[in-house]
Structure formats: structure tokens, C-alpha cells
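Enquirer: Sharing structure_11.tsv, TSV, C-alpha atoms:
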```tsv
chain	number	residue	atom	x	y	z
A	138	MET	CA	-127.69	184.44	-90.45
A	139	LYS	CA	-130.34	184.85	-93.07
A	140	LEU	CA	-130.78	188.14	-94.84
A	141	ALA	CA	-134.41	189.12	-95.09
A	142	LEU	CA	-135.52	190.50	-98.44
A	143	SER	CA	-136.62	193.68	-96.78
A	144	PHE	CA	-133.08	194.16	-95.53
A	145	ALA	CA	-131.72	193.62	-99.03
A	146	LEU	CA	-134.11	196.28	-100.32
A	147	ALA	CA	-132.73	198.73	-97.79
A	148	VAL	CA	-129.10	198.20	-98.67
A	149	SER	CA	-127.55	200.99	-100.68
A	150	LEU	CA	-125.20	199.50	-103.25
A	151	SER	CA	-122.33	201.28	-104.90
A	152	LEU	CA	-124.03	200.79	-108.25
A	153	GLY	CA	-127.13	202.58	-107.07
A	154	LEU	CA	-129.30	199.60	-108.00
A	155	GLY	CA	-132.60	198.62	-106.45
A	156	ALA	CA	-133.02	195.38	-104.57
A	157	CYS	CA	-132.25	192.11	-106.30
A	158	ALA	CA	-135.85	191.09	-106.69
A	159	SER	CA	-137.19	194.54	-107.37
A	160	ALA	CA	-137.61	193.92	-111.08
A	161	SER	CA	-137.88	190.68	-112.94
A	162	ASP	CA	-139.74	189.14	-115.81
A	163	PRO	CA	-141.84	186.20	-114.52
A	164	ALA	CA	-141.96	184.48	-117.90
A	165	GLU	CA	-138.23	184.79	-118.34
A	166	ASN	CA	-137.57	183.59	-114.81
A	167	ALA	CA	-139.78	180.59	-115.44
A	168	THR	CA	-137.66	179.73	-118.48
A	169	VAL	CA	-134.40	180.13	-116.59
A	170	ASN	CA	-135.65	178.08	-113.67
A	171	GLU	CA	-136.86	175.37	-116.04
A	172	GLU	CA	-133.40	175.24	-117.63
A	173	LEU	CA	-131.83	175.04	-114.20
A	174	ALA	CA	-134.24	172.32	-113.14
A	175	ASN	CA	-133.37	170.34	-116.25
A	176	SER	CA	-129.69	170.57	-115.33
A	177	GLN	CA	-130.34	169.61	-111.69
A	178	ASN	CA	-133.03	166.93	-111.91
A	179	GLU	CA	-131.84	163.43	-112.44
A	180	THR	CA	-132.61	160.38	-114.44
A	181	ASP	CA	-130.78	157.07	-114.25
A	182	GLU	CA	-129.24	157.48	-117.68
A	183	SER	CA	-128.25	161.09	-118.08
A	184	VAL	CA	-128.45	163.58	-115.25
A	185	SER	CA	-125.74	165.63	-113.69
A	186	THR	CA	-126.33	167.18	-110.28
A	187	ASP	CA	-123.16	169.20	-110.45
A	188	GLU	CA	-123.40	172.93	-110.58
A	189	SER	CA	-124.71	174.16	-113.92
A	190	SER	CA	-122.05	175.60	-116.17
A	191	SER	CA	-121.87	176.89	-119.70
A	192	SER	CA	-118.91	176.07	-121.90
A	193	GLU	CA	-119.62	179.06	-124.08
A	194	THR	CA	-121.49	182.19	-123.19
A	195	GLU	CA	-124.15	183.19	-125.68
A	196	GLN	CA	-124.94	186.77	-126.51
A	197	ALA	CA	-127.97	188.34	-128.12
A	198	ASP	CA	-127.70	190.50	-131.22
A	199	ASP	CA	-127.14	193.56	-129.02
A	200	GLY	CA	-124.12	191.90	-127.40
A	201	LYS	CA	-125.81	191.22	-124.08
A	202	LEU	CA	-125.56	187.85	-122.38
A	203	GLU	CA	-128.57	185.58	-122.30
A	204	SER	CA	-130.39	185.05	-119.00
A	205	ARG	CA	-129.01	181.54	-118.54
A	206	ASP	CA	-125.46	182.84	-118.88
A	207	ILE	CA	-126.16	185.59	-116.39
A	208	MET	CA	-127.36	182.89	-114.01
A	209	HIS	CA	-124.28	180.71	-114.65
A	210	ALA	CA	-121.99	183.68	-113.99
A	211	ALA	CA	-123.64	184.23	-110.60
A	212	PHE	CA	-123.25	180.60	-109.56
A	213	GLU	CA	-119.61	180.57	-110.62
A	214	GLU	CA	-119.02	183.17	-107.91
A	215	SER	CA	-121.32	181.62	-105.33
A	216	PRO	CA	-120.09	179.24	-102.63
A	217	ILE	CA	-123.40	177.42	-103.03
A	218	PRO	CA	-123.85	175.14	-106.07
A	219	ALA	CA	-126.96	175.62	-108.17
A	220	ARG	CA	-128.44	172.31	-107.08
A	221	LEU	CA	-128.78	173.62	-103.51
A	222	ALA	CA	-130.54	176.85	-104.53
A	223	PHE	CA	-134.25	177.54	-104.90
A	224	ASN	CA	-136.48	180.52	-105.77
A	225	ILE	CA	-133.92	181.56	-108.39
A	226	LEU	CA	-134.68	184.87	-110.08
A	227	VAL	CA	-132.80	186.68	-112.83
A	228	GLY	CA	-133.89	190.32	-112.60
A	229	LEU	CA	-134.29	192.94	-115.32
A	230	GLU	CA	-131.35	195.03	-116.46
A	231	GLN	CA	-130.57	198.29	-114.77
A	232	ASP	CA	-127.50	200.38	-115.55
A	233	GLY	CA	-125.85	197.55	-117.47
A	234	VAL	CA	-126.20	194.86	-114.81
A	235	ARG	CA	-128.77	192.23	-113.89
A	236	PRO	CA	-129.37	190.90	-110.37
A	237	VAL	CA	-129.56	187.17	-109.70
A	238	THR	CA	-131.18	186.15	-106.41
A	239	PHE	CA	-131.76	182.76	-104.87
A	240	ASP	CA	-132.54	181.25	-101.50
A	241	THR	CA	-130.59	178.56	-99.68
A	242	GLU	CA	-130.74	177.04	-96.23
A	243	LEU	CA	-128.02	179.53	-95.28
A	244	GLY	CA	-130.09	182.51	-96.39
A	245	GLN	CA	-130.61	184.63	-99.49
A	246	PHE	CA	-127.82	185.37	-101.97
A	247	CYS	CA	-127.81	188.17	-104.54
A	248	TYR	CA	-125.27	188.80	-107.32
A	249	TYR	CA	-125.13	191.71	-109.76
A	250	VAL	CA	-123.82	190.58	-113.14
A	251	ASP	CA	-122.53	192.77	-115.99
A	252	VAL	CA	-124.78	192.04	-118.98
A	253	TYR	CA	-121.90	192.26	-121.46
A	254	THR	CA	-118.96	190.61	-119.68
A	255	GLY	CA	-120.60	188.29	-117.15
A	256	GLU	CA	-118.49	189.82	-114.38
A	257	VAL	CA	-120.06	189.85	-110.93
A	258	VAL	CA	-119.68	193.51	-109.94
A	259	ASP	CA	-121.40	193.40	-106.55
A	260	ARG	CA	-123.01	190.92	-104.21
A	261	ILE	CA	-125.04	190.46	-101.05
A	262	GLU	CA	-124.42	187.25	-99.11
A	263	PRO	CA	-125.55	186.04	-95.70
A	264	GLU	CA	-123.01	185.30	-93.01
A	265	TYR	CA	-121.77	181.71	-93.05
A	266	THR	CA	-118.84	179.60	-91.97
A	267	GLU	CA	-116.95	176.77	-93.62
A	268	GLU	CA	-118.78	174.45	-91.25
A	269	ASP	CA	-122.10	175.85	-92.49
A	270	LEU	CA	-121.06	175.11	-96.06
A	271	ALA	CA	-119.98	171.59	-95.16
A	272	ASN	CA	-123.28	170.95	-93.40
A	273	SER	CA	-125.21	172.09	-96.47
A	274	GLU	CA	-123.68	169.41	-98.69
A	275	ILE	CA	-125.93	166.64	-100.00
A	276	ILE	CA	-125.42	163.20	-101.48
A	277	ASP	CA	-125.37	162.91	-105.25
A	278	SER	CA	-127.87	161.09	-107.44
A	279	ALA	CA	-125.75	157.95	-107.66
A	280	ALA	CA	-125.70	157.67	-103.87
A	281	ALA	CA	-129.48	158.21	-103.77
A	282	LYS	CA	-129.96	155.41	-106.31
A	283	ASN	CA	-127.68	153.09	-104.35
A	284	ALA	CA	-129.64	153.83	-101.17
A	285	VAL	CA	-132.86	152.86	-102.95
A	286	PHE	CA	-131.60	149.56	-104.33
A	287	ALA	CA	-130.13	148.66	-100.95
A	288	VAL	CA	-133.73	148.28	-99.74
A	289	CYS	CA	-135.59	147.60	-102.99
A	290	PRO	CA	-136.77	143.98	-103.39
A	291	ILE	CA	-135.79	143.85	-107.08
A	292	PRO	CA	-132.36	144.48	-108.65
A	293	SER	CA	-131.69	147.69	-110.55
A	294	LYS	CA	-131.32	145.82	-113.85
A	295	LEU	CA	-135.07	145.14	-113.80
A	296	ALA	CA	-135.90	148.84	-113.48
A	297	TYR	CA	-136.72	151.07	-116.44
A	298	GLY	CA	-138.06	154.58	-116.94
A	299	MET	CA	-136.04	155.66	-113.91
A	300	LYS	CA	-136.25	159.26	-112.75
A	301	ILE	CA	-134.16	160.75	-109.96
A	302	SER	CA	-135.20	164.27	-109.00
A	303	LEU	CA	-133.78	166.60	-106.38
A	304	LYS	CA	-136.57	168.14	-104.32
A	305	LEU	CA	-134.76	169.54	-101.33
A	306	PRO	CA	-134.38	168.30	-98.71
A	307	THR	CA	-134.91	164.95	-100.46
A	308	TRP	CA	-134.20	162.96	-103.59
A	309	VAL	CA	-137.22	161.35	-105.22
A	310	VAL	CA	-136.47	158.13	-107.10
A	311	THR	CA	-139.13	156.50	-109.26
A	312	PHE	CA	-139.08	153.72	-111.84
A	313	ASP	CA	-141.21	151.06	-113.49
A	314	SER	CA	-140.69	147.33	-113.66
A	315	MET	CA	-142.43	144.17	-114.83
A	316	TYR	CA	-144.03	144.11	-111.38
A	317	GLY	CA	-145.33	147.67	-111.37
A	318	HIS	CA	-144.29	151.16	-110.30
A	319	PHE	CA	-141.81	151.90	-107.49
A	320	SER	CA	-141.32	155.24	-105.72
A	321	TYR	CA	-138.85	156.23	-102.98
A	322	VAL	CA	-138.05	159.39	-101.04
A	323	VAL	CA	-134.43	159.63	-99.84
A	324	ASP	CA	-132.98	162.12	-97.34
A	325	ALA	CA	-130.61	164.24	-99.43
A	326	LYS	CA	-128.09	164.58	-96.60
A	327	THR	CA	-128.09	161.20	-94.89
A	328	GLY	CA	-129.17	158.87	-97.69
A	329	GLU	CA	-131.86	157.35	-95.49
A	330	VAL	CA	-134.93	156.06	-97.33
A	331	LEU	CA	-137.76	158.03	-95.72
A	332	GLU	CA	-140.72	156.78	-97.75
A	333	LYS	CA	-141.36	154.01	-100.23
A	334	ASP	CA	-144.26	152.89	-102.36
A	335	GLU	CA	-143.85	149.42	-103.86
A	336	PRO	CA	-146.23	147.17	-105.81
A	337	GLU	CA	-147.29	143.75	-104.57
A	338	LEU	CA	-144.62	141.22	-105.46
A	339	PRO	CA	-144.69	137.45	-105.86
A	340	GLU	CA	-143.09	135.36	-103.15
A	341	VAL	CA	-140.37	134.30	-105.56
A	342	ILE	CA	-138.84	136.96	-107.79
A	343	GLU	CA	-137.35	135.38	-110.89
A	344	ASP	CA	-134.58	137.05	-112.81
A	345	PRO	CA	-135.89	137.34	-116.40
A	346	PHE	CA	-132.34	137.66	-117.73
A	347	ASP	CA	-131.43	134.28	-116.33
A	348	LEU	CA	-134.63	132.81	-117.73
A	349	ALA	CA	-133.94	134.34	-121.15
A	350	HIS	CA	-130.36	133.07	-121.12
A	351	ASP	CA	-131.38	129.50	-120.35
A	352	ALA	CA	-134.43	129.47	-122.64
A	353	CYS	CA	-132.48	130.72	-125.66
A	354	LEU	CA	-129.62	128.28	-125.23
A	355	ALA	CA	-132.13	125.48	-124.84
A	356	MET	CA	-133.18	126.17	-128.45
A	357	LEU	CA	-129.81	124.86	-129.69
A	358	ASP	CA	-129.56	121.18	-130.49
A	359	GLY	CA	-126.55	119.67	-128.82
A	360	TYR	CA	-125.54	122.83	-126.99
A	361	ASP	CA	-122.25	122.19	-125.20
A	362	GLY	CA	-121.84	125.35	-123.11
A	363	THR	CA	-119.44	127.11	-125.51
A	364	ALA	CA	-121.50	130.14	-126.56
A	365	GLU	CA	-119.48	133.35	-126.82
A	366	SER	CA	-120.04	137.13	-126.89
A	367	MET	CA	-123.51	136.86	-125.34
A	368	THR	CA	-125.47	140.07	-124.79
A	369	LEU	CA	-128.92	140.46	-123.25
A	370	ARG	CA	-130.93	143.67	-123.21
A	371	MET	CA	-134.51	144.63	-122.54
A	372	ARG	CA	-136.60	146.51	-125.05
A	373	GLY	CA	-140.21	147.45	-125.68
A	374	GLN	CA	-142.42	150.08	-124.08
A	375	GLN	CA	-143.19	147.80	-121.15
A	376	GLN	CA	-139.74	146.18	-121.20
A	377	ALA	CA	-141.45	142.84	-121.93
A	378	ILE	CA	-138.88	141.56	-124.44
A	379	ILE	CA	-135.27	140.56	-123.86
A	380	GLU	CA	-133.06	140.49	-126.92
A	381	VAL	CA	-130.37	137.81	-126.76
A	382	GLU	CA	-127.41	137.63	-129.14
A	383	PHE	CA	-124.43	135.31	-129.08
A	384	ASP	CA	-121.99	133.33	-131.22
A	385	TRP	CA	-121.74	129.55	-131.21
A	386	LYS	CA	-119.61	127.30	-133.39
A	387	GLY	CA	-118.99	130.02	-135.95
A	388	ASP	CA	-122.62	131.13	-136.28
A	389	HIS	CA	-124.26	134.27	-134.90
A	390	TYR	CA	-127.64	133.88	-133.18
A	391	SER	CA	-130.23	136.58	-132.49
A	392	MET	CA	-133.28	135.68	-130.41
A	393	GLU	CA	-136.07	137.34	-128.48
A	394	TYR	CA	-137.42	136.16	-125.15
A	395	ASP	CA	-140.95	137.21	-124.17
A	396	ILE	CA	-141.00	137.76	-120.42
A	397	ASN	CA	-144.76	137.35	-120.11
A	398	SER	CA	-145.23	134.19	-122.17
A	399	LYS	CA	-141.69	132.85	-121.52
A	400	THR	CA	-141.33	131.94	-125.16
A	401	VAL	CA	-138.37	132.33	-127.53
A	402	THR	CA	-138.44	133.67	-131.09
A	403	ILE	CA	-135.45	133.18	-133.36
A	404	LYS	CA	-134.88	136.21	-135.56
```
Could you quickly redo this structure as C-alpha cells?
Expert:
Amino acid sequence: MKLALSFALAVSLSLGLGACASASDPAENATVNEELANSQNETDESVSTDESSSSETEQADDGKLESRDIMHAAFEESPIPARLAFNILVGLEQDGVRPVTFDTELGQFCYYVDVYTGEVVDRIEPEYTEEDLANSEIIDSAAAKNAVFAVCPIPSKLAYGMKISLKLPTWVVTFDSMYGHFSYVVDAKTGEVLEKDEPELPEVIEDPFDLAHDACLAMLDGYDGTAESMTLRMRGQQQAIIEVEFDWKGDHYSMEYDINSKTVTIK
């Protein structure tokens, strides 16, 4: 069952501390939550939704752990990963410990962390079962992306500027393309696409990579189908250029295909 904050305030802990949220620095909490958000929110290229962790704990000049390390220490002890927590607060120090509180769908958790060692010296947790924990699991960002491109009318290779953000109870997936902006909302537990906002698309969607491939090879006199080591990649702010490189008959070729004008430039 959920523990109400008022109940947490009434609990008398062995350390003689006040409630978890009784003292905190809003500015500091904003910084910690921003760091946590950066570690939770996803992009196509470089986001991890796994629980935040610190390979090395950092200490201030007075030997005390930084707020982010206090937070990491709490989540190392918690059965709930950081990505499933919200309203995360790292409280002010009292008697050598700092409280870390956060809400989950199972209720509110509170951990008291030693400011020097990172040891969790006391805790308040709601009642839960292994089944509750299993039911609180969510799909990862890769699964959310796959769910989107299972219904998206264009292939993922035509998407750029992709952002995948966890906003419980959903994943929000957005990206741009040569056709315009796409946005999807995916159920974080089931992977169902709940909402989508797509631009108007032509009846026939051409693959610009195929067009670039054929257009560049057509620039070669007497091409016999023996090009090797071909690479194609998009570039440019609006992803309007495809760079094409390949080897043919001992020579290396570097070309650019303009998606809008469908013209080839030999570099």
C-alpha cells in the first residue's frame, strides 16, 4: 500500500531524523532531477534507460558526497530503478545523513544516506510483493522505437533528430524527416501506440538512398555493376544531402546526392 507523506512525517526513526521531505534545497533538487532526467530520457543515438549509476563517487572538499552520488546510493538499495521514479528529492543533511525520497506507482520510498560513505542507514518503503514489482516493469527505449516504426509509414533510416523520452506511463518518440515532423506516444508497459501525429505524405514514398545509389552509379561511363565498399549517409541540417562513397576499378569515388533536386555532385 502507499505510504502517505504525513505518515512518513510521523514515523520515529532510530536516527532521530525528521521526515524525508522535511528539508531540501529546491535549487539543488532541480539540478539532481535534471541530471536524473538526462540519464533517463532517450534519444535514438545515445540514451540509456537503465538505472543511473556512478562508476566513481565524487566528494566535495569537506569529504561529503555530492548530491548525485547520494541519489545513486539510494537507488542502488531500492527495488525500483530510477527510471520508474518521479518527484525525486535529495534532502538537506541532518546528523551526517541526507534523505532521498521519490514516488512510484507502488508508493513513496525514502532512504537515509550517510554523507561520507554512501551507506543507506535507514529506509521507509511501502508494502509490495514480487508480483507488484513485476507489474511495474516497462519496455525499454529500443522496444518503444520498434513499436513506432511498426506503424510508421516511413522506415527508420529516413528519420533524424530522433528523441525518445520517458514520461510515465508513456514513451514519447519524436523525429524529423524529409516529409516533416513525426510524433508518437507509446504505452510504456504494453508497447501500444496510443497517439500519433504524422505529416501529409505522398502516395508513393521513394527511398532516397536507393535513388542516390542509382543516380551516382549512373555518373560512371561504362559502369558494369562491380562497385565495391559503397557507403551512403545523410548529412546537413535538414538531412537533404546523401554522401556516397565507393571504389570502382581501382579508383575511389566520393559524390553527393541532393534529395530535393535529385542531382549528383562529384567531389
Enquirer: For the atom pair CA of Ile207 (chain A) and CA of Phe223 (chain A), what is the interatomic distance in Å to one decimal place?
Expert: 16.2 Å
Enquirer: Take CA of Asp395 (chain A) and CA of Met315 (chain A) and report the distance between them in Å, one decimal.
Expert: 11.7 Å
Enquirer: Of the candidates A:Ile342, A:Leu243, A:Ala222, A:Ala377, which shows the shortest atom-to-atom distance to Pro292 (chain A), using only C-alpha atoms?
Expert: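 That would be A:Ile342, the residue with the smallest distance to Pro292 (chain A).
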Enquirer: Check the smallest atom-to-atom distance from each of A:Ser320, A:Ser273, A:Glu382, A:Ala284 to Lys300 (chain A) using all atoms listed in the file, then report the winner.
Expert: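 Distance minimum relative to Lys300 (chain A) lands on A:Ser320.
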Enquirer: Have a look at CA of Val227 (chain A) and CA of Glu242 (chain A) and let me know their distance in Å, one decimal.
Expert: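 Distance reported for this atom pair: 19.3 Å.
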Enquirer: Please determine the residues with any atom at most 12 Å from (-130.0, 156.3, -105.2) (coordinates as given in the file, with all atoms listed in the file counting) and report them as a VMD selection string.
Expert: chain A and resid 179 to 181 276 to 289 293 299 to 303 307 to 312 320 to 325 327 to 330
Enquirer: For the residues in the current selection, export C-alpha atoms as a JSON list (two decimals), in the frame of the given file.
Expert:
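Final output, part_32.json:
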```
[["chain", "number", "residue", "atom", "x", "y", "z"],
["A", 179, "GLU", "CA", -131.84, 163.43, -112.44],
["A", 180, "THR", "CA", -132.61, 160.38, -114.44],
["A", 181, "ASP", "CA", -130.78, 157.07, -114.25],
["A", 276, "ILE", "CA", -125.42, 163.20, -101.48],
["A", 277, "ASP", "CA", -125.37, 162.91, -105.25],
["A", 278, "SER", "CA", -127.87, 161.09, -107.44],
["A", 279, "ALA", "CA", -125.75, 157.95, -107.66],
["A", 280, "ALA", "CA", -125.70, 157.67, -103.87],
["A", 281, "ALA", "CA", -129.48, 158.21, -103.77],
["A", 282, "LYS", "CA", -129.96, 155.41, -106.31],
["A", 283, "ASN", "CA", -127.68, 153.09, -104.35],
["A", 284, "ALA", "CA", -129.64, 153.83, -101.17],
["A", 285, "VAL", "CA", -132.86, 152.86, -102.95],
["A", 286, "PHE", "CA", -131.60, 149.56, -104.33],
["A", 287, "ALA", "CA", -130.13, 148.66, -100.95],
["A", 288, "VAL", "CA", -133.73, 148.28, -99.74],
["A", 289, "CYS", "CA", -135.59, 147.60, -102.99],
["A", 293, "SER", "CA", -131.69, 147.69, -110.55],
["A", 299, "MET", "CA", -136.04, 155.66, -113.91],
["A", 300, "LYS", "CA", -136.25, 159.26, -112.75],
["A", 301, "ILE", "CA", -134.16, 160.75, -109.96],
["A", 302, "SER", "CA", -135.20, 164.27, -109.00],
["A", 303, "LEU", "CA", -133.78, 166.60, -106.38],
["A", 307, "THR", "CA", -134.91, 164.95, -100.46],
["A", 308, "TRP", "CA", -134.20, 162.96, -103.59],
["A", 309, "VAL", "CA", -137.22, 161.35, -105.22],
["A", 310, "VAL", "CA", -136.47, 158.13, -107.10],
["A", 311, "THR", "CA", -139.13, 156.50, -109.26],
["A", 312, "PHE", "CA", -139.08, 153.72, -111.84],
["A", 320, "SER", "CA", -141.32, 155.24, -105.72],
["A", 321, "TYR", "CA", -138.85, 156.23, -102.98],
["A", 322, "VAL", "CA", -138.05, 159.39, -101.04],
["A", 323, "VAL", "CA", -134.43, 159.63, -99.84],
["A", 324, "ASP", "CA", -132.98, 162.12, -97.34],
["A", 325, "ALA", "CA", -130.61, 164.24, -99.43],
["A", 327, "THR", "CA", -128.09, 161.20, -94.89],
["A", 328, "GLY", "CA", -129.17, 158.87, -97.69],
["A", 329, "GLU", "CA", -131.86, 157.35, -95.49],
["A", 330, "VAL", "CA", -134.93, 156.06, -97.33]]
```
Enquirer: Out of A:Ser314, A:Thr254, A:Thr368, A:Ser398, which residue has the shortest atom-to-atom distance to Gly200 (chain A) when counting only C-alpha atoms?
Expert: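 Result for the nearest residue to Gly200 (chain A): A:Thr254.
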Enquirer: For a quick check of understanding, using all atoms listed in the file, which of A:Gly228, A:Pro236, A:Gly298, A:Gly317 has the smallest distance to Ala211 (chain A)?
Expert: A:Pro236
Enquirer: Enclose the full set of atoms of region 230-248 of chain A listed in the file within a box whose edges lie along x, y and z, apply 6 Å of padding to each of the six sides, and report centre and edge lengths in Å to one decimal as lines of an AutoDock Vina configuration file.
Expert:
```
center_x = -128.9
center_y = 188.7
center_z = -106.4
size_x = 19.3
size_y = 35.3
size_z = 34.2
```
Enquirer: In the coordinates of the file, take the point (-143.0, 154.2, -102.9) and a cut-off of 7 Å; then, counting only C-alpha atoms, name each qualifying protein, DNA or RNA residue as a list in words.
Expert: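 Counting only C-alpha atoms, I find these residues within 7 Å of (-143.0, 154.2, -102.9): Phe319, Ser320, Tyr321, Glu332, Lys333, Asp334 and Glu335 of chain A.
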